[in-house]
$ cat my_file_37.txt   # compact mmCIF, C-alpha atoms
# COMPACT_ATOMS: atom_id res chain seq x y z
CA MET A 1 7.73 13.47 -41.37
CA ILE A 2 5.19 12.21 -38.85
CA ARG A 3 6.08 12.33 -35.16
CA VAL A 4 4.49 9.95 -32.63
CA ALA A 5 5.18 10.05 -28.88
CA PHE A 6 4.88 6.73 -27.06
CA LEU A 7 4.27 6.71 -23.31
CA THR A 8 3.43 3.63 -21.30
CA ASP A 9 3.10 2.47 -17.69
CA LEU A 10 2.33 5.80 -16.03
CA HIS A 11 0.96 4.06 -12.89
CA PHE A 12 -0.93 7.00 -11.40
CA GLY A 13 -1.29 6.25 -7.72
CA PHE A 14 2.30 5.03 -7.53
CA HIS A 15 3.87 7.66 -9.75
CA ARG A 16 6.58 10.29 -9.39
CA ALA A 17 4.41 13.36 -8.92
CA ALA A 18 7.40 15.69 -9.23
CA LEU A 19 8.09 14.38 -12.73
CA GLU A 20 4.54 14.81 -14.01
CA GLY A 21 5.04 18.45 -15.00
CA PRO A 22 8.42 17.93 -16.67
CA LEU A 23 7.05 14.96 -18.59
CA LEU A 24 4.13 16.99 -19.91
CA ALA A 25 6.41 19.87 -20.78
CA ARG A 26 8.86 17.68 -22.68
CA VAL A 27 6.16 15.79 -24.61
CA ASN A 28 4.35 18.99 -25.54
CA ALA A 29 7.62 20.68 -26.55
CA CYS A 30 8.32 17.79 -28.94
CA ALA A 31 5.08 18.67 -30.77
CA PRO A 32 4.04 15.16 -31.83
CA SER A 33 1.22 14.61 -34.27
CA LEU A 34 -0.14 11.88 -31.99
CA VAL A 35 0.53 10.64 -28.45
CA VAL A 36 0.08 6.90 -27.91
CA ILE A 37 -0.43 5.52 -24.39
CA GLY A 38 0.44 1.85 -23.93
CA GLY A 39 -1.58 0.98 -20.83
CA ASP A 40 -1.23 0.90 -17.05
CA VAL A 41 -2.34 4.49 -16.72
CA THR A 42 -3.17 3.62 -13.09
CA HIS A 43 -1.53 1.46 -10.45
CA ARG A 44 -4.60 -0.20 -8.95
CA GLY A 45 -7.49 0.94 -11.15
CA ARG A 46 -9.07 3.10 -8.43
CA PRO A 47 -11.32 6.11 -9.17
CA ALA A 48 -8.90 8.72 -7.84
CA GLN A 49 -6.08 7.21 -9.86
CA PHE A 50 -8.15 7.26 -13.04
CA ALA A 51 -9.10 10.88 -12.32
CA ALA A 52 -5.43 11.83 -12.00
CA ALA A 53 -4.58 9.99 -15.23
CA ALA A 54 -7.44 11.67 -17.09
CA ALA A 55 -6.30 15.09 -15.87
CA PHE A 56 -2.79 14.38 -17.14
CA LEU A 57 -4.05 13.31 -20.56
CA SER A 58 -6.25 16.40 -20.82
CA ARG A 59 -3.10 18.57 -20.62
CA LEU A 60 -1.49 17.02 -23.68
CA ASP A 61 -1.45 19.43 -26.60
CA ALA A 62 -1.57 16.71 -29.26
CA PRO A 63 -4.37 14.25 -29.96
CA TRP A 64 -3.90 11.05 -27.98
CA MET A 65 -5.07 7.47 -27.91
CA ALA A 66 -4.73 4.80 -25.23
CA VAL A 67 -5.16 1.11 -24.59
CA PRO A 68 -5.63 -0.40 -21.11
CA GLY A 69 -3.04 -2.38 -19.20
CA ASN A 70 -3.47 -5.08 -16.60
CA HIS A 71 -3.10 -2.54 -13.76
CA ASP A 72 -6.13 -0.71 -15.13
CA LEU A 73 -8.29 -3.73 -14.27
CA PRO A 74 -9.23 -4.45 -10.63
CA LEU A 75 -6.78 -6.79 -8.95
CA PHE A 76 -8.31 -7.39 -5.52
CA ASP A 77 -12.01 -6.80 -6.34
CA LEU A 78 -12.65 -10.15 -8.01
CA VAL A 79 -16.37 -9.52 -8.49
CA GLN A 80 -15.71 -6.29 -10.38
CA ARG A 81 -12.86 -7.84 -12.36
CA LEU A 82 -15.09 -10.69 -13.54
CA ALA A 83 -18.28 -8.69 -14.06
CA ALA A 84 -17.07 -5.38 -15.53
CA PRO A 85 -13.28 -5.31 -15.59
CA ARG A 86 -12.91 -2.27 -17.87
CA ALA A 87 -15.82 -0.16 -16.60
CA ALA A 88 -13.71 2.35 -14.67
CA TYR A 89 -11.22 2.69 -17.54
CA ARG A 90 -14.02 3.29 -20.05
CA ALA A 91 -15.67 5.89 -17.82
CA ALA A 92 -12.51 7.88 -17.10
CA ILE A 93 -10.14 7.36 -20.04
CA SER A 94 -11.94 6.13 -23.15
CA ALA A 95 -15.01 4.11 -23.99
CA ASP A 96 -13.04 2.57 -26.86
CA THR A 97 -10.36 0.21 -25.56
CA GLN A 98 -9.16 -0.58 -29.08
CA PRO A 99 -9.00 2.78 -30.86
CA VAL A 100 -7.62 3.42 -34.33
CA ARG A 101 -6.02 6.72 -35.26
CA ARG A 102 -4.27 8.07 -38.34
CA ALA A 103 -1.63 10.77 -38.54
CA GLY A 104 -0.62 11.42 -42.13
CA ALA A 105 0.80 8.21 -43.59
CA VAL A 106 0.90 6.52 -40.16
CA ARG A 107 -1.98 4.41 -38.86
CA VAL A 108 -2.02 3.24 -35.22
CA MET A 109 -4.30 0.37 -34.18
CA GLY A 110 -4.97 -0.30 -30.51
CA VAL A 111 -5.36 -3.80 -29.10
CA ASP A 112 -6.82 -4.47 -25.65
CA SER A 113 -4.51 -7.24 -24.44
CA THR A 114 -5.87 -7.34 -20.88
CA ASP A 115 -7.39 -10.58 -19.61
CA ARG A 116 -9.63 -10.64 -16.55
CA LEU A 117 -8.83 -14.34 -16.00
CA ALA A 118 -5.06 -13.99 -16.39
CA TRP A 119 -4.53 -10.56 -14.85
CA GLN A 120 -0.79 -10.25 -15.39
CA ARG A 121 -0.19 -12.38 -18.47
CA GLY A 122 -2.71 -10.89 -20.89
CA ALA A 123 -4.03 -12.33 -24.16
CA ILE A 124 -4.74 -11.57 -27.80
CA ASP A 125 -7.33 -13.65 -29.62
CA ALA A 126 -8.05 -14.50 -33.25
CA ALA A 127 -10.77 -11.84 -33.61
CA GLN A 128 -8.49 -9.07 -32.37
CA THR A 129 -5.72 -10.26 -34.66
CA ALA A 130 -8.01 -10.35 -37.67
CA ARG A 131 -9.31 -6.87 -36.89
CA VAL A 132 -5.81 -5.38 -36.85
CA CYS A 133 -4.82 -7.18 -40.05
CA ALA A 134 -7.97 -6.00 -41.82
CA THR A 135 -7.45 -2.40 -40.68
CA ALA A 136 -3.86 -2.13 -41.91
CA GLY A 137 -3.66 0.24 -44.85
CA ALA A 138 -1.71 -0.26 -48.07
CA GLY A 139 0.90 2.43 -48.53
CA LEU A 140 0.78 3.40 -44.84
CA THR A 141 3.11 2.71 -41.95
CA ASN A 142 0.95 0.42 -39.83
CA ILE A 143 1.48 0.31 -36.07
CA ALA A 144 -0.15 -1.96 -33.51
CA VAL A 145 -0.08 -0.85 -29.87
CA LEU A 146 -0.90 -3.13 -26.95
CA HIS A 147 0.20 -3.36 -23.36
CA HIS A 148 1.75 -6.83 -23.33
CA PRO A 149 4.84 -7.64 -25.44
CA MET A 150 4.51 -10.05 -28.35
CA ARG A 151 8.07 -11.33 -27.88
CA HIS A 152 10.30 -11.64 -24.82
CA ARG A 153 14.03 -11.30 -24.65
CA PRO A 154 16.00 -13.92 -22.70
CA GLY A 155 15.79 -13.50 -18.95
CA VAL A 156 12.24 -12.10 -18.79
CA ASP A 157 10.52 -13.82 -15.85
CA LYS A 158 6.93 -13.16 -16.95
CA ALA A 159 4.90 -15.51 -19.11
CA LEU A 160 4.43 -14.40 -22.70
CA MET A 161 0.95 -13.18 -23.52
CA ARG A 162 -1.41 -15.92 -24.64
CA GLY A 163 -1.89 -15.97 -28.41
CA ALA A 164 1.18 -13.85 -29.12
CA PRO A 165 3.04 -16.18 -31.55
CA ALA A 166 0.02 -16.72 -33.80
CA ALA A 167 -0.91 -13.04 -33.73
CA LEU A 168 2.62 -11.96 -34.55
CA ALA A 169 2.82 -14.32 -37.51
CA ALA A 170 -0.43 -12.85 -38.83
CA PHE A 171 0.83 -9.30 -38.28
CA GLU A 172 4.01 -10.07 -40.23
CA GLY A 173 1.97 -11.29 -43.18
CA ALA A 174 -0.55 -8.44 -43.10
CA GLY A 175 1.87 -5.52 -43.28
CA ILE A 176 2.06 -4.45 -39.65
CA HIS A 177 5.38 -2.62 -39.48
CA VAL A 178 5.80 -1.64 -35.82
CA VAL A 179 4.51 -3.10 -32.54
CA LEU A 180 4.54 -0.80 -29.49
CA THR A 181 4.24 -2.43 -26.06
CA GLY A 182 4.96 -1.80 -22.38
CA HIS A 183 4.34 -3.92 -19.26
CA LEU A 184 7.94 -4.91 -18.47
CA HIS A 185 9.23 -1.43 -17.55
CA VAL A 186 12.31 -2.24 -19.63
CA TRP A 187 13.33 -0.37 -22.77
CA SER A 188 13.94 -2.29 -25.99
CA ALA A 189 14.00 -1.18 -29.64
CA GLY A 190 14.97 -3.50 -32.47
CA ALA A 191 16.28 -6.19 -30.13
CA PHE A 192 14.95 -9.03 -32.29
CA LEU A 193 16.37 -7.90 -35.64
CA GLY A 194 18.92 -10.12 -37.35
CA GLN A 195 17.96 -13.31 -35.50
CA GLY A 196 16.87 -15.29 -38.54
CA GLY A 197 13.27 -14.08 -38.72
CA PRO A 198 11.63 -12.08 -41.50
CA ASP A 199 12.30 -8.78 -39.69
CA ARG A 200 9.12 -7.26 -41.11
CA VAL A 201 7.94 -6.14 -37.65
CA LEU A 202 9.96 -3.77 -35.48
CA HIS A 203 9.30 -4.29 -31.75
CA ILE A 204 9.59 -1.25 -29.48
CA GLN A 205 9.02 -1.95 -25.78
CA GLY A 206 8.74 1.19 -23.70
CA GLY A 207 10.00 1.72 -20.17
CA THR A 208 7.81 3.31 -17.53
CA ALA A 209 6.90 6.95 -18.03
CA LEU A 210 6.08 7.84 -14.41
CA CYS A 211 6.11 4.80 -12.09
CA GLY A 212 7.88 5.49 -8.83
CA ARG A 213 9.21 1.97 -8.20
CA PRO A 214 12.87 2.50 -7.20
CA SER A 215 14.05 -0.65 -8.97
CA ASP A 216 13.05 0.88 -12.32
CA ARG A 217 15.84 3.45 -11.79
CA GLN A 218 14.52 5.81 -14.46
CA ASN A 219 11.46 7.08 -16.25
CA GLU A 220 11.23 7.55 -19.97
CA PHE A 221 9.19 7.88 -23.13
CA ALA A 222 9.93 7.41 -26.81
CA LEU A 223 9.59 9.77 -29.73
CA LEU A 224 9.18 8.14 -33.15
CA ASP A 225 9.87 10.16 -36.28
CA PHE A 226 8.57 8.42 -39.42
CA ASP A 227 9.96 9.62 -42.74
CA GLY A 228 8.74 7.28 -45.46
CA ALA A 229 10.41 3.92 -44.88
CA ASP A 230 12.83 5.37 -42.32
CA LEU A 231 12.32 5.70 -38.58
CA THR A 232 14.27 7.56 -35.93
CA VAL A 233 13.53 6.62 -32.32
CA GLN A 234 14.50 9.05 -29.59
CA ARG A 235 14.61 7.82 -25.99
CA HIS A 236 13.84 10.61 -23.48
CA VAL A 237 15.10 9.53 -20.05
CA ALA A 238 14.85 11.05 -16.56
CA PRO A 239 17.07 9.04 -14.19
CA MET A 240 15.79 8.64 -10.64
CA PRO A 241 15.70 10.76 -8.57
CA ASP A 242 16.15 13.52 -11.18
CA VAL A 243 13.08 15.46 -12.28
CA ALA A 244 14.44 16.50 -15.66
CA PHE A 245 14.84 14.74 -18.99
CA GLY A 246 18.27 14.71 -20.56
CA SER A 247 19.27 15.00 -24.20
CA PRO A 248 17.82 11.95 -25.95
CA PRO A 249 19.97 9.36 -27.71
CA ALA A 250 18.52 8.11 -30.98
CA GLN A 251 18.35 4.87 -32.92
CA ARG A 252 17.66 4.76 -36.63
CA PHE A 253 15.95 2.03 -38.62
CA SER A 254 14.87 1.54 -42.23
CA ARG A 255 12.51 -0.86 -43.98
CA ALA A 256 13.32 0.36 -47.48
CA SER A 257 14.52 -3.13 -48.42
CA GLY A 258 11.28 -4.78 -47.27
CA ARG A 259 12.70 -5.75 -43.88
CA TRP A 260 13.80 -3.65 -40.96
CA VAL A 261 17.52 -2.98 -40.52
CA ALA A 262 19.28 -0.91 -37.91
CA LEU A 263 21.24 2.08 -39.18
CA PRO A 264 24.15 3.80 -37.41
CA ASP A 265 22.96 5.56 -34.27
CA THR A 266 22.90 9.34 -33.99
CA ALA A 267 23.44 11.64 -31.04
$ encode --input "my_file_37.txt" --output "structure tokens"
Amino acid sequence: MIRVAFLTDLHFGFHRAALEGPLLARVNACAPSLVVIGGDVTHRGRPAQFAAAAAFLSRLDAPWMAVPGNHDLPLFDLVQRLAAPRAAYRAAISADTQPVRRAGAVRVMGVDSTDRLAWQRGAIDAAQTARVCATAGAGLTNIAVLHHPMRHRPGVDKALMRGAPAALAAFEGAGIHVVLTGHLHVWSAGAFLGQGGPDRVLHIQGGTALCGRPSDRQNEFALLDFDGADLTVQRHVAPMPDVAFGSPPAQRFSRASGRWVALPDTA
């Protein structure tokens, strides 16, 4: 079994400082093989915020990888956003904004979906799509991680990322099994299964791990346990204003048939 922790939307600079320690303790106690960060490590992309995010990541026991989110690019400094939008992220977090990591039979491919010209919406282009498809490994569980969702559920008031439909169709054909995203601060796992599509890609959209916005009502991260073609997803939640994570509910999925299906949930 390979265990992957997925954290997204930490928003250092507008984060729940009292939850930072409990979050680190819970993630480290889960002993994942890899921690994946889905962007928005900062709230406004400022140096002090990046320093706080880097300090947090340095305290993770497991190897980690990250992709940037739109909040990691300058919002108000238009000159910096146009000239060198990812410079601060690269200096503080990682020079590689599209990393690839492998943990056993699981391969995770990062996609930088930020767009300096469409700060909130994001984009994925043909070259990025082709790179992910070419990197997918036969016989592996292939995961793509990016900040912006590739599908939206009804009622989402944000525009879908540019290029998402074409990229998703290519991912489905190339053997990408799971897509991890953030951005919306709303949890979703397997919401698109059984709607008439091929169901070859399982979408997991993470809630915010640390953001202090009261309307989010809770902070959370996901723990993914891969066992061959089966996947168990634990959702670790700390309701606001609590500073402790409760016992995680779990969802189970399987792609043994060639398409993802939801299995009965477990406590």
$ closest_residue --input "my_file_37.txt" --among "A:Arg107, A:Lys158, A:Arg16, A:His147" --to "Gly206 of chain A" --atoms "all atoms listed in the file"
A:His147
$ atom_distance --input "my_file_37.txt" --atom1 "atom CA of Ser215 of chain A" --atom2 "atom CA of His148 of chain A"
19.9 Å
$ closest_residue --input "my_file_37.txt" --among "A:Ala48, A:Ala53, A:Ile204, A:Val106" --to "Gly228 of chain A" --atoms "all atoms listed in the file"
A:Val106
$ residues_near_point --input "my_file_37.txt" --point "(-6.6, -12.8, -12.9)" --cutoff "10 Å" --atoms "all atoms listed in the file" --output "PyMOL selection string"
chain A and resi 70+73-76+78+81-82+114-122
$ residues_around --input "my_file_37.txt" --residues "Cys133 of chain A" --least-positions-apart "3" --cutoff "8 Å" --atoms "all atoms listed in the file" --output "number ranges by chain"
A: 129-130, 136, 170-171, 174-176
$ atom_distance --input "my_file_37.txt" --atom1 "atom CA of Arg235 of chain A" --atom2 "atom CA of Leu223 of chain A"
6.6 Å
$ closest_residue --input "my_file_37.txt" --among "A:Ala18, A:Ala105, A:Met161, A:Leu7" --to "Asn142 of chain A" --atoms "all atoms listed in the file"
A:Ala105
$ closest_residue --input "my_file_37.txt" --among "A:Gly207, A:Pro47, A:Pro63, A:Pro241" --to "Val35 of chain A" --atoms "all atoms listed in the file"
A:Pro63
$ closest_residue --input "my_file_37.txt" --among "A:Gly212, A:Pro239, A:Gly110, A:Gly155" --to "Ile143 of chain A" --atoms "all atoms listed in the file"
A:Gly110
$ residues_around --input "my_file_37.txt" --residues "Ser254 of chain A" --least-positions-apart "3" --cutoff "12 Å" --atoms "all atoms listed in the file" --output "PyMOL selection string"
chain A and resi 141+177-178+190+193+199-202+225-233+251+257-264
$ residues_near_point --input "my_file_37.txt" --point "(14.4, 17.5, -19.6)" --cutoff "9 Å" --atoms "only C-alpha atoms" --output "ChimeraX atom specification"
/A:22-23,25-26,236-238,243-247
$ atom_distance --input "my_file_37.txt" --atom1 "atom CA of Ile124 of chain A" --atom2 "atom CA of Ala164 of chain A"
6.5 Å
$ closest_residue --input "my_file_37.txt" --among "A:Gln195, A:Gln218, A:Thr181, A:Ser58" --to "Asp112 of chain A" --atoms "all atoms listed in the file"
A:Thr181
$ residues_around --input "my_file_37.txt" --residues "Ala66 of chain A" --least-positions-apart "2" --cutoff "9 Å" --atoms "only C-alpha atoms" --output "ChimeraX atom specification"
/A:35-39,41,64,68,93-94,96-99,110,145-146
